[in-house]
$ cat upload_4.txt   # compact mmCIF, C-alpha atoms and all ligand atoms
# COMPACT_ATOMS: atom_id res chain seq x y z
CA MET A 1249 38.06 -103.11 -119.54
CA ILE A 1250 36.88 -101.70 -116.19
CA ASN A 1251 36.31 -103.85 -113.14
CA TYR A 1252 33.25 -103.14 -111.02
CA LYS A 1253 35.41 -102.98 -107.87
CA ASP A 1254 37.05 -99.83 -109.22
CA LEU A 1255 33.61 -98.24 -109.36
CA GLY A 1256 32.80 -98.99 -105.70
CA LEU A 1257 30.20 -101.61 -106.65
CA VAL A 1258 29.82 -105.09 -105.16
CA ASN A 1259 28.74 -108.40 -106.70
CA THR A 1260 25.83 -110.44 -105.34
CA ARG A 1261 27.69 -113.32 -103.68
CA ASP A 1262 27.89 -112.20 -100.02
CA MET A 1263 24.72 -110.16 -100.31
CA PHE A 1264 22.70 -113.23 -101.33
CA ALA A 1265 24.31 -115.54 -98.77
CA LYS A 1266 23.34 -113.11 -96.00
CA ALA A 1267 19.83 -112.62 -97.39
CA VAL A 1268 19.12 -116.36 -97.60
CA ALA A 1269 20.44 -116.91 -94.07
CA GLY A 1270 18.61 -113.85 -92.73
CA GLY A 1271 15.21 -114.52 -94.31
CA TYR A 1272 14.92 -111.34 -96.35
CA ALA A 1273 15.30 -110.41 -100.02
CA ILE A 1274 17.35 -107.78 -101.86
CA PRO A 1275 15.37 -105.34 -103.99
CA ALA A 1276 16.29 -105.30 -107.67
CA PHE A 1277 14.91 -102.09 -109.15
CA ASN A 1278 15.17 -101.29 -112.86
CA PHE A 1279 16.32 -97.85 -113.92
CA ASN A 1280 16.70 -95.96 -117.16
CA ASN A 1281 16.59 -92.32 -116.04
CA MET A 1282 18.01 -89.98 -113.43
CA GLU A 1283 14.89 -89.55 -111.31
CA GLN A 1284 14.45 -93.30 -110.89
CA LEU A 1285 18.08 -93.70 -109.93
CA GLN A 1286 17.95 -90.83 -107.43
CA ALA A 1287 14.80 -92.26 -105.85
CA ILE A 1288 16.34 -95.74 -105.58
CA ILE A 1289 19.54 -94.45 -103.99
CA MET A 1290 17.72 -92.10 -101.59
CA ALA A 1291 15.48 -94.96 -100.45
CA ALA A 1292 18.36 -97.44 -100.07
CA ALA A 1293 20.57 -94.92 -98.25
CA GLU A 1294 17.80 -93.87 -95.89
CA THR A 1295 16.88 -97.45 -95.00
CA LYS A 1296 20.47 -98.80 -95.20
CA SER A 1297 19.33 -101.52 -97.59
CA PRO A 1298 21.57 -103.33 -100.05
CA VAL A 1299 20.23 -102.68 -103.52
CA ILE A 1300 20.53 -104.01 -107.06
CA LEU A 1301 20.35 -101.48 -109.89
CA GLN A 1302 19.05 -103.31 -112.95
CA VAL A 1303 19.60 -102.32 -116.54
CA SER A 1304 17.66 -104.13 -119.27
CA LYS A 1305 18.73 -104.34 -122.89
CA GLY A 1306 15.89 -101.92 -123.64
CA ALA A 1307 17.19 -99.49 -121.00
CA ARG A 1308 20.66 -99.64 -122.54
CA ASN A 1309 19.21 -98.81 -125.92
CA TYR A 1310 17.06 -96.03 -124.48
CA ALA A 1311 19.53 -94.24 -122.25
CA ASN A 1312 22.92 -95.26 -123.70
CA GLN A 1313 24.98 -97.96 -122.04
CA THR A 1314 27.95 -95.73 -121.23
CA LEU A 1315 25.80 -93.10 -119.63
CA LEU A 1316 24.01 -95.68 -117.47
CA ARG A 1317 27.31 -97.11 -116.29
CA TYR A 1318 28.58 -93.68 -115.27
CA MET A 1319 25.27 -92.99 -113.57
CA ALA A 1320 25.72 -96.14 -111.48
CA GLU A 1321 29.26 -95.09 -110.60
CA GLY A 1322 27.88 -91.67 -109.64
CA ALA A 1323 25.20 -93.38 -107.57
CA VAL A 1324 27.86 -94.89 -105.28
CA GLN A 1325 29.29 -91.44 -104.63
CA TYR A 1326 25.83 -89.96 -104.21
CA ALA A 1327 24.98 -92.66 -101.64
CA LYS A 1328 28.07 -91.70 -99.65
CA GLU A 1329 27.06 -88.03 -99.82
CA LEU A 1330 23.73 -89.04 -98.35
CA GLY A 1331 25.56 -90.46 -95.34
CA TRP A 1332 25.61 -94.17 -96.34
CA GLU A 1333 29.19 -94.96 -95.37
CA ASN A 1334 29.54 -98.34 -97.02
CA PRO A 1335 27.02 -98.52 -99.85
CA GLN A 1336 26.19 -102.05 -101.00
CA ILE A 1337 25.19 -101.43 -104.60
CA VAL A 1338 25.15 -103.97 -107.44
CA LEU A 1339 24.98 -102.99 -111.11
CA HIS A 1340 23.19 -105.83 -112.86
CA LEU A 1341 22.24 -106.66 -116.44
CA ASP A 1342 18.59 -107.72 -116.51
CA HIS A 1343 17.57 -110.38 -119.06
CA GLY A 1344 20.81 -110.53 -121.04
CA ASP A 1345 19.99 -112.54 -124.15
CA SER A 1346 23.43 -113.27 -125.61
CA PHE A 1347 27.01 -113.99 -124.58
CA GLU A 1348 28.15 -110.79 -126.35
CA LEU A 1349 25.77 -108.58 -124.36
CA CYS A 1350 26.80 -110.17 -121.06
CA LYS A 1351 30.49 -109.87 -121.95
CA SER A 1352 30.10 -106.23 -122.88
CA CYS A 1353 28.50 -105.50 -119.49
CA VAL A 1354 31.21 -107.41 -117.60
CA ASP A 1355 33.83 -105.44 -119.55
CA MET A 1356 32.27 -102.09 -118.75
CA GLY A 1357 31.97 -102.50 -114.98
CA PHE A 1358 28.76 -104.38 -114.23
CA SER A 1359 29.14 -106.49 -111.09
CA SER A 1360 26.43 -108.99 -112.00
CA VAL A 1361 24.76 -110.21 -115.19
CA MET A 1362 21.72 -112.26 -116.02
CA ILE A 1363 21.83 -114.62 -118.95
CA ASP A 1364 18.24 -115.42 -119.78
CA ALA A 1365 18.31 -118.44 -122.05
CA SER A 1366 15.09 -119.79 -120.57
CA SER A 1367 13.32 -119.75 -123.93
CA LEU A 1368 15.95 -122.10 -125.42
CA PRO A 1369 15.84 -125.90 -125.17
CA TYR A 1370 17.28 -127.15 -121.84
CA GLU A 1371 20.71 -128.23 -123.13
CA GLU A 1372 21.16 -124.96 -125.05
CA ASN A 1373 20.19 -122.98 -121.94
CA ILE A 1374 22.91 -124.88 -120.03
CA ALA A 1375 25.55 -124.37 -122.73
CA LEU A 1376 24.98 -120.61 -123.09
CA THR A 1377 24.71 -120.04 -119.34
CA ARG A 1378 27.93 -122.03 -118.78
CA LYS A 1379 29.75 -119.90 -121.36
CA VAL A 1380 28.68 -116.66 -119.64
CA VAL A 1381 29.61 -118.05 -116.20
CA GLU A 1382 33.09 -119.01 -117.39
CA TYR A 1383 33.73 -115.51 -118.69
CA ALA A 1384 32.09 -113.56 -115.85
CA HIS A 1385 33.74 -115.53 -113.06
CA LYS A 1386 37.20 -114.62 -114.38
CA TYR A 1387 36.35 -111.08 -113.26
CA ASP A 1388 34.43 -112.09 -110.13
CA VAL A 1389 31.16 -110.99 -111.71
CA THR A 1390 28.20 -113.06 -110.52
CA VAL A 1391 25.69 -114.67 -112.89
CA GLU A 1392 21.94 -115.16 -112.65
CA ALA A 1393 20.34 -117.77 -114.91
CA GLU A 1394 16.71 -118.71 -115.54
CA LEU A 1395 14.90 -122.00 -115.71
CA GLY A 1396 11.17 -122.15 -116.47
CA VAL A 1397 9.17 -119.64 -118.50
CA LEU A 1398 7.30 -116.62 -117.14
CA ALA A 1399 4.18 -115.38 -118.88
CA GLY A 1400 4.21 -111.88 -120.32
CA VAL A 1401 6.91 -109.82 -121.93
CA GLU A 1402 10.57 -110.39 -121.09
CA ASP A 1403 12.50 -107.60 -122.73
CA GLU A 1404 10.63 -107.65 -126.01
CA VAL A 1405 10.23 -111.44 -126.02
CA ALA A 1406 6.58 -112.27 -125.40
CA ALA A 1407 5.95 -115.70 -123.95
CA GLU A 1408 2.49 -116.93 -124.83
CA GLU A 1409 2.81 -120.03 -122.72
CA SER A 1410 4.35 -120.01 -119.27
CA HIS A 1411 5.49 -123.08 -117.44
CA TYR A 1412 6.72 -123.52 -113.91
CA THR A 1413 10.33 -124.43 -113.22
CA ARG A 1414 10.66 -128.20 -112.93
CA PRO A 1415 12.24 -128.98 -109.53
CA GLU A 1416 13.72 -132.20 -110.91
CA GLU A 1417 15.95 -130.15 -113.24
CA VAL A 1418 17.43 -127.61 -110.82
CA ILE A 1419 20.31 -129.64 -109.36
CA ASP A 1420 21.57 -130.66 -112.78
CA PHE A 1421 21.16 -127.10 -114.10
CA ALA A 1422 22.89 -125.35 -111.21
CA THR A 1423 25.74 -127.88 -111.10
CA ARG A 1424 26.46 -127.93 -114.82
CA THR A 1425 26.18 -124.17 -115.37
CA GLY A 1426 27.92 -122.99 -112.19
CA CYS A 1427 25.46 -120.07 -112.00
CA ASP A 1428 25.34 -118.05 -108.78
CA SER A 1429 21.57 -117.62 -108.57
CA LEU A 1430 18.53 -119.01 -110.31
CA ALA A 1431 15.41 -117.19 -111.49
CA ILE A 1432 12.42 -119.50 -111.32
CA SER A 1433 8.88 -119.48 -112.60
CA ILE A 1434 6.20 -120.03 -109.93
CA GLY A 1435 3.38 -117.88 -111.27
CA THR A 1436 4.79 -114.34 -111.40
CA SER A 1437 4.93 -112.53 -114.73
CA HIS A 1438 6.15 -109.23 -116.14
CA GLY A 1439 4.20 -106.02 -116.58
CA ALA A 1440 1.03 -104.53 -115.10
CA TYR A 1441 -1.32 -107.21 -116.44
CA LYS A 1442 -0.01 -110.32 -114.79
CA PHE A 1443 -3.22 -112.30 -115.00
CA LYS A 1444 -6.17 -112.32 -117.34
CA PRO A 1445 -9.47 -111.53 -115.57
CA GLU A 1446 -10.61 -115.11 -116.26
CA GLN A 1447 -7.64 -116.45 -114.24
CA CYS A 1448 -8.74 -114.38 -111.21
CA THR A 1449 -11.69 -114.16 -108.89
CA ARG A 1450 -13.31 -110.83 -108.01
CA ASP A 1451 -13.52 -109.41 -104.49
CA PRO A 1452 -17.30 -108.88 -104.07
CA LYS A 1453 -16.77 -105.82 -101.83
CA THR A 1454 -14.29 -103.85 -103.95
CA GLY A 1455 -14.87 -105.39 -107.37
CA LEU A 1456 -11.07 -105.75 -107.68
CA LEU A 1457 -9.44 -108.80 -109.25
CA VAL A 1458 -7.89 -111.35 -106.88
CA PRO A 1459 -5.07 -113.26 -108.60
CA PRO A 1460 -4.33 -116.96 -108.17
CA PRO A 1461 -1.68 -117.65 -105.50
CA LEU A 1462 1.98 -118.27 -106.34
CA ALA A 1463 3.09 -121.92 -106.51
CA PHE A 1464 4.80 -122.06 -103.11
CA ASP A 1465 4.86 -125.87 -103.34
CA VAL A 1466 7.17 -125.61 -106.37
CA LEU A 1467 9.38 -123.07 -104.56
CA HIS A 1468 9.68 -125.32 -101.51
CA GLU A 1469 10.52 -128.34 -103.65
CA ILE A 1470 13.28 -126.34 -105.34
CA GLU A 1471 14.60 -125.21 -101.95
CA LYS A 1472 14.77 -128.84 -100.82
CA LYS A 1473 16.76 -129.81 -103.90
CA LEU A 1474 19.19 -126.87 -103.59
CA PRO A 1475 19.42 -125.97 -99.90
CA GLY A 1476 20.60 -122.39 -99.40
CA PHE A 1477 20.94 -121.70 -103.13
CA PRO A 1478 19.92 -118.12 -104.05
CA ILE A 1479 16.56 -117.99 -105.83
CA VAL A 1480 15.28 -114.99 -107.80
CA LEU A 1481 11.73 -113.87 -108.53
CA HIS A 1482 11.09 -111.80 -111.64
CA GLY A 1483 7.80 -110.13 -112.41
CA SER A 1484 7.18 -109.23 -108.78
CA SER A 1485 5.40 -105.90 -109.01
CA SER A 1486 2.22 -105.69 -106.97
CA VAL A 1487 0.53 -103.14 -109.23
CA PRO A 1488 -0.67 -100.92 -106.35
CA GLN A 1489 -4.32 -100.15 -106.96
CA GLU A 1490 -3.96 -96.60 -105.61
CA TYR A 1491 -1.64 -95.81 -108.54
CA VAL A 1492 -3.91 -97.54 -111.05
CA LYS A 1493 -6.83 -95.47 -109.68
CA MET A 1494 -4.80 -92.25 -109.75
CA ILE A 1495 -3.78 -92.91 -113.36
CA ASN A 1496 -7.32 -93.78 -114.44
CA GLU A 1497 -8.76 -90.72 -112.66
CA HIS A 1498 -6.35 -88.41 -114.44
CA GLY A 1499 -6.87 -89.41 -118.04
CA GLY A 1500 -5.15 -92.80 -118.10
CA LYS A 1501 -6.60 -96.14 -119.07
CA LEU A 1502 -5.37 -99.23 -117.25
CA PRO A 1503 -8.42 -101.45 -116.88
CA ASP A 1504 -8.03 -104.58 -114.73
CA ALA A 1505 -4.29 -104.14 -114.11
CA VAL A 1506 -3.30 -106.68 -111.46
CA GLY A 1507 -0.08 -107.78 -109.74
CA ILE A 1508 1.34 -110.10 -107.09
CA PRO A 1509 -0.06 -109.47 -103.58
CA GLU A 1510 2.63 -108.09 -101.28
CA GLU A 1511 1.90 -110.62 -98.50
CA GLN A 1512 2.96 -113.39 -100.87
CA LEU A 1513 6.21 -111.59 -101.69
CA ARG A 1514 6.82 -111.06 -97.97
CA GLU A 1515 6.34 -114.80 -97.50
CA ALA A 1516 8.70 -115.61 -100.39
CA SER A 1517 11.37 -113.25 -98.97
CA LYS A 1518 11.62 -115.42 -95.87
CA SER A 1519 12.64 -118.42 -98.02
CA ALA A 1520 15.63 -118.92 -100.33
CA VAL A 1521 14.20 -116.15 -102.52
CA CYS A 1522 16.86 -113.50 -102.06
CA LYS A 1523 16.27 -111.16 -105.04
CA ILE A 1524 12.92 -109.70 -106.01
CA ASN A 1525 12.58 -107.76 -109.28
CA ILE A 1526 10.37 -104.69 -109.37
CA ASP A 1527 10.02 -102.43 -112.37
CA SER A 1528 6.34 -101.94 -113.26
CA ASP A 1529 5.40 -100.53 -109.83
CA SER A 1530 7.94 -97.75 -110.27
CA ARG A 1531 6.57 -97.00 -113.74
CA LEU A 1532 3.08 -96.79 -112.26
CA ALA A 1533 4.20 -94.49 -109.41
CA MET A 1534 5.95 -92.18 -111.86
CA THR A 1535 3.06 -92.11 -114.32
CA ALA A 1536 0.47 -91.52 -111.59
CA ALA A 1537 2.41 -88.56 -110.15
CA VAL A 1538 3.07 -86.99 -113.56
CA ARG A 1539 -0.55 -87.39 -114.69
CA LYS A 1540 -1.77 -85.76 -111.48
CA VAL A 1541 0.44 -82.69 -111.93
CA PHE A 1542 -0.62 -82.36 -115.57
CA ALA A 1543 -4.30 -82.61 -114.61
CA ASP A 1544 -4.10 -80.31 -111.57
CA LYS A 1545 -1.80 -77.70 -113.11
CA PRO A 1546 -2.33 -77.56 -116.87
CA GLY A 1547 -0.07 -74.50 -117.10
CA GLU A 1548 2.99 -76.30 -115.72
CA PHE A 1549 5.80 -76.90 -118.19
CA ASP A 1550 8.96 -77.04 -116.07
CA PRO A 1551 9.94 -80.76 -116.07
CA ARG A 1552 11.28 -80.45 -112.54
CA LYS A 1553 7.76 -79.60 -111.38
CA TYR A 1554 6.37 -82.92 -112.58
CA LEU A 1555 9.45 -85.17 -112.46
CA GLY A 1556 10.16 -83.95 -108.91
CA PRO A 1557 6.81 -85.22 -107.56
CA ALA A 1558 7.32 -88.40 -109.61
CA ARG A 1559 10.68 -88.91 -107.90
CA ASP A 1560 9.12 -88.37 -104.46
CA GLU A 1561 6.41 -90.93 -105.21
CA MET A 1562 8.96 -93.50 -106.43
CA LYS A 1563 11.12 -92.98 -103.34
CA LYS A 1564 8.05 -93.61 -101.15
CA LEU A 1565 7.32 -96.78 -103.12
CA TYR A 1566 10.91 -98.09 -102.90
CA MET A 1567 11.04 -97.46 -99.14
CA HIS A 1568 7.76 -99.26 -98.67
CA LYS A 1569 9.03 -102.28 -100.62
CA ILE A 1570 12.30 -102.38 -98.68
CA VAL A 1571 10.77 -102.02 -95.22
CA ASN A 1572 7.36 -103.68 -95.49
CA VAL A 1573 7.78 -106.29 -98.21
CA LEU A 1574 11.40 -107.44 -98.61
CA GLY A 1575 12.72 -106.75 -95.12
CA SER A 1576 16.17 -105.65 -96.34
CA ASN A 1577 16.31 -102.43 -94.28
CA GLY A 1578 19.28 -102.17 -91.94
CA LYS A 1579 21.17 -104.93 -93.75
CA ALA A 1580 23.85 -102.72 -95.31
O1 LIG A 1601 11.77 -107.70 -117.28
C1 LIG A 1601 11.59 -106.65 -117.87
C2 LIG A 1601 11.91 -105.35 -117.21
O2 LIG A 1601 10.76 -104.82 -116.62
C3 LIG A 1601 12.56 -104.42 -118.17
O3 LIG A 1601 11.65 -103.94 -119.09
O4 LIG A 1601 12.71 -104.34 -121.30
O5 LIG A 1601 10.91 -102.64 -121.02
O6 LIG A 1601 13.19 -102.23 -120.07
P1 LIG A 1601 12.15 -103.25 -120.46
P1 LIG A 1602 7.63 -106.35 -113.04
O1 LIG A 1602 7.15 -106.08 -114.43
O2 LIG A 1602 6.65 -107.18 -112.28
O3 LIG A 1602 8.00 -105.11 -112.31
O4 LIG A 1602 8.96 -107.25 -113.16
C1 LIG A 1602 10.21 -106.67 -113.43
C2 LIG A 1602 11.25 -107.67 -113.75
O5 LIG A 1602 11.13 -108.85 -113.54
C3 LIG A 1602 12.50 -107.16 -114.32
O6 LIG A 1602 13.35 -108.19 -114.71
ZN ZN A 1603 12.38 -109.95 -115.36
$ encode --input "upload_4.txt" --output "structure tokens" --more "lines below"
Ligand code: G3H
Ligand code: 13P
Ligand code: ZN
Amino acid sequence: MINYKDLGLVNTRDMFAKAVAGGYAIPAFNFNNMEQLQAIIMAAAETKSPVILQVSKGARNYANQTLLRYMAEGAVQYAKELGWENPQIVLHLDHGDSFELCKSCVDMGFSSVMIDASSLPYEENIALTRKVVEYAHKYDVTVEAELGVLAGVEDEVAAEESHYTRPEEVIDFATRTGCDSLAISIGTSHGAYKFKPEQCTRDPKTGLLVPPPLAFDVLHEIEKKLPGFPIVLHGSSSVPQEYVKMINEHGGKLPDAVGIPEEQLREASKSAVCKINIDSDSRLAMTAAVRKVFADKPGEFDPRKYLGPARDEMKKLYMHKIVNVLGSNGKA
């Protein structure tokens, strides 16, 4: 049993309270490899932004859970080396789907866990979330829960039907579970294809898809029911069209990939939304940079020569999100 405090990590409690009061959101970036982690830490250290490092169940299986935990511990030291005196870094389990998985993360030094029981019936969601909260809180680990169903793929679970979070349920859910933050469904979804073309309109000038707006009315109703309670948005990649173009121009095939417009995320950050999850945009940045090197320099075979540019592109993306979208720069 290792406690996150011994690793130099922090939980989300104070971080979220400050973000809600200050009208900004904390970036939650997924990682499963060294270059992503380096880019996240460089961007956070340079902008002095609190940051949440997210590990999905799939990432644990891919990279090995122990290795990822040591990488996060190393990230704290690396941040200090970069001149960030008091790094505010959370290590968070993304979309935990069982008590055992959440417990294992608490026991190995995670400072925050998500129990995603949103696909279960309401009472079962409450019971499982409550069980995780009771365990995690013994070690001062904070817990994110989810109410409502996002479209798309949530860690190998594909939801055919999405439905918005019902504001009339949130007080009961938050009170009975004791969760520290709540992920809600207001129209975001996971992956690079957040909307079907038939759900969108098309910009006549560019021919690009314009997605339907997020349900801000639902968000505001939830905020009224739970004043100051930390709200989380999953599926918040914007799917930057310059990366989609770069990928498609260099042998890729991502037709009609579309995400959440950044202005809407900026707007959401000013509300009780205090954590915004971004994974797909980093995947796109990395893929675009790697494809470009492969196309421009077919003789290149040193991984540092294509993963290095990929890391630079991801760092640029993370800094942009922190400064121009979430507004968390200078808050740590
Ligand atoms: O919400 C899903 C995250 O983007 C993690 O994705 O399960 O493929 O690692 P993954
Ligand atoms: P994106 O697929 O939009 O990046 O969402 C990531 C996410 O919600 C991770 O939990
Ligand atoms: Zn998610």
$ closest_residue --input "upload_4.txt" --among "A:Leu1456, A:Cys1427, A:Ala1311, A:Ala1269" --to "ligand LIG 1601 (chain A)" --atoms "only C-alpha atoms and all ligand atoms"
A:Ala1311
$ residues_near_point --input "upload_4.txt" --point "(10.7, -114.5, -104.7)" --cutoff "12 Å" --atoms "all atoms listed in the file" --output "VMD selection string"
chain A and resid 1267 to 1268 1271 to 1276 1429 to 1437 1462 to 1464 1466 to 1468 1471 1478 to 1485 1508 to 1526 1573 to 1574
$ closest_residue --input "upload_4.txt" --among "A:Ala1292, A:Leu1285, A:Val1381, A:Leu1398" --to "ligand LIG 1601 (chain A)" --atoms "only C-alpha atoms and all ligand atoms"
A:Leu1398
$ atom_distance --input "upload_4.txt" --atom1 "CA of Lys1296 (chain A)" --atom2 "CA of Gly1507 (chain A)"
26.7 Å
$ closest_residue --input "upload_4.txt" --among "A:Val1506, A:Lys1472, A:Ala1327, A:Gly1499" --to "Phe1443 (chain A)" --atoms "only C-alpha atoms"
A:Val1506
$ residues_near_ligand --input "upload_4.txt" --ligand "ligand LIG 1601 (chain A)" --cutoff "12 Å" --atoms "only C-alpha atoms and all ligand atoms" --output "JSON list (two decimals) with C-alpha atoms, in the frame of the given file"
[["chain", "number", "residue", "atom", "x", "y", "z"],
["A", 1276, "ALA", "CA", 16.29, -105.30, -107.67],
["A", 1277, "PHE", "CA", 14.91, -102.09, -109.15],
["A", 1278, "ASN", "CA", 15.17, -101.29, -112.86],
["A", 1279, "PHE", "CA", 16.32, -97.85, -113.92],
["A", 1280, "ASN", "CA", 16.70, -95.96, -117.16],
["A", 1281, "ASN", "CA", 16.59, -92.32, -116.04],
["A", 1301, "LEU", "CA", 20.35, -101.48, -109.89],
["A", 1302, "GLN", "CA", 19.05, -103.31, -112.95],
["A", 1303, "VAL", "CA", 19.60, -102.32, -116.54],
["A", 1304, "SER", "CA", 17.66, -104.13, -119.27],
["A", 1305, "LYS", "CA", 18.73, -104.34, -122.89],
["A", 1306, "GLY", "CA", 15.89, -101.92, -123.64],
["A", 1307, "ALA", "CA", 17.19, -99.49, -121.00],
["A", 1308, "ARG", "CA", 20.66, -99.64, -122.54],
["A", 1309, "ASN", "CA", 19.21, -98.81, -125.92],
["A", 1310, "TYR", "CA", 17.06, -96.03, -124.48],
["A", 1311, "ALA", "CA", 19.53, -94.24, -122.25],
["A", 1340, "HIS", "CA", 23.19, -105.83, -112.86],
["A", 1341, "LEU", "CA", 22.24, -106.66, -116.44],
["A", 1342, "ASP", "CA", 18.59, -107.72, -116.51],
["A", 1343, "HIS", "CA", 17.57, -110.38, -119.06],
["A", 1344, "GLY", "CA", 20.81, -110.53, -121.04],
["A", 1345, "ASP", "CA", 19.99, -112.54, -124.15],
["A", 1362, "MET", "CA", 21.72, -112.26, -116.02],
["A", 1364, "ASP", "CA", 18.24, -115.42, -119.78],
["A", 1398, "LEU", "CA", 7.30, -116.62, -117.14],
["A", 1399, "ALA", "CA", 4.18, -115.38, -118.88],
["A", 1400, "GLY", "CA", 4.21, -111.88, -120.32],
["A", 1401, "VAL", "CA", 6.91, -109.82, -121.93],
["A", 1402, "GLU", "CA", 10.57, -110.39, -121.09],
["A", 1403, "ASP", "CA", 12.50, -107.60, -122.73],
["A", 1404, "GLU", "CA", 10.63, -107.65, -126.01],
["A", 1405, "VAL", "CA", 10.23, -111.44, -126.02],
["A", 1406, "ALA", "CA", 6.58, -112.27, -125.40],
["A", 1407, "ALA", "CA", 5.95, -115.70, -123.95],
["A", 1431, "ALA", "CA", 15.41, -117.19, -111.49],
["A", 1436, "THR", "CA", 4.79, -114.34, -111.40],
["A", 1437, "SER", "CA", 4.93, -112.53, -114.73],
["A", 1438, "HIS", "CA", 6.15, -109.23, -116.14],
["A", 1439, "GLY", "CA", 4.20, -106.02, -116.58],
["A", 1440, "ALA", "CA", 1.03, -104.53, -115.10],
["A", 1481, "LEU", "CA", 11.73, -113.87, -108.53],
["A", 1482, "HIS", "CA", 11.09, -111.80, -111.64],
["A", 1483, "GLY", "CA", 7.80, -110.13, -112.41],
["A", 1484, "SER", "CA", 7.18, -109.23, -108.78],
["A", 1485, "SER", "CA", 5.40, -105.90, -109.01],
["A", 1524, "ILE", "CA", 12.92, -109.70, -106.01],
["A", 1525, "ASN", "CA", 12.58, -107.76, -109.28],
["A", 1526, "ILE", "CA", 10.37, -104.69, -109.37],
["A", 1527, "ASP", "CA", 10.02, -102.43, -112.37],
["A", 1528, "SER", "CA", 6.34, -101.94, -113.26],
["A", 1529, "ASP", "CA", 5.40, -100.53, -109.83],
["A", 1530, "SER", "CA", 7.94, -97.75, -110.27],
["A", 1531, "ARG", "CA", 6.57, -97.00, -113.74],
["A", 1532, "LEU", "CA", 3.08, -96.79, -112.26]]
$ closest_residue --input "upload_4.txt" --among "A:Glu1469, A:Asp1355, A:Asp1451, A:Glu1392" --to "ligand ZN 1603 (chain A)" --atoms "all atoms listed in the file"
A:Glu1392
$ closest_residue --input "upload_4.txt" --among "A:Val1299, A:Ile1419, A:Ile1250, A:Ala1393" --to "ligand ZN 1603 (chain A)" --atoms "all atoms listed in the file"
A:Ala1393
$ decode --input "upload_4.txt" --residues "region 1402-1446 of chain A" --atoms "C-alpha atoms" --output "short mmCIF file (atom, residue, chain, number, x, y, z; two decimals), in the first residue's frame"
data_model
loop_
_atom_site.label_atom_id
_atom_site.label_comp_id
_atom_site.auth_asym_id
_atom_site.auth_seq_id
_atom_site.Cartn_x
_atom_site.Cartn_y
_atom_site.Cartn_z
CA GLU A 1402 -16.12 4.53 -23.04
CA ASP A 1403 -13.16 2.27 -22.48
CA GLU A 1404 -14.36 -0.57 -24.67
CA VAL A 1405 -18.02 -0.11 -23.70
CA ALA A 1406 -19.89 1.28 -26.68
CA ALA A 1407 -23.06 3.17 -25.84
CA GLU A 1408 -25.49 3.11 -28.72
CA GLU A 1409 -27.92 5.43 -27.03
CA SER A 1410 -26.82 8.50 -25.11
CA HIS A 1411 -29.00 10.38 -22.71
CA TYR A 1412 -28.42 13.64 -20.90
CA THR A 1413 -27.96 13.71 -17.15
CA ARG A 1414 -31.30 14.32 -15.46
CA PRO A 1415 -30.95 17.41 -13.24
CA GLU A 1416 -33.68 16.12 -10.93
CA GLU A 1417 -31.42 13.20 -9.93
CA VAL A 1418 -28.17 15.01 -9.11
CA ILE A 1419 -28.87 16.10 -5.52
CA ASP A 1420 -29.95 12.62 -4.49
CA PHE A 1421 -27.00 11.05 -6.32
CA ALA A 1422 -24.33 13.35 -4.92
CA THR A 1423 -25.72 13.17 -1.39
CA ARG A 1424 -26.13 9.42 -1.24
CA THR A 1425 -22.83 8.54 -2.91
CA GLY A 1426 -20.63 11.18 -1.26
CA CYS A 1427 -18.70 11.54 -4.54
CA ASP A 1428 -16.34 14.50 -4.90
CA SER A 1429 -17.15 15.38 -8.51
CA LEU A 1430 -19.73 14.41 -11.07
CA ALA A 1431 -19.27 13.67 -14.77
CA ILE A 1432 -22.37 14.65 -16.69
CA SER A 1433 -23.74 14.08 -20.15
CA ILE A 1434 -24.69 17.26 -22.05
CA GLY A 1435 -23.85 16.27 -25.61
CA THR A 1436 -20.12 15.50 -25.58
CA SER A 1437 -18.93 12.04 -26.58
CA HIS A 1438 -15.70 10.08 -26.82
CA GLY A 1439 -13.43 9.70 -29.83
CA ALA A 1440 -12.85 11.60 -33.07
CA TYR A 1441 -16.34 11.02 -34.48
CA LYS A 1442 -18.53 12.70 -31.93
CA PHE A 1443 -21.47 13.32 -34.22
CA LYS A 1444 -22.84 11.61 -37.28
CA PRO A 1445 -22.91 13.89 -40.35
CA GLU A 1446 -26.72 13.80 -40.24
#
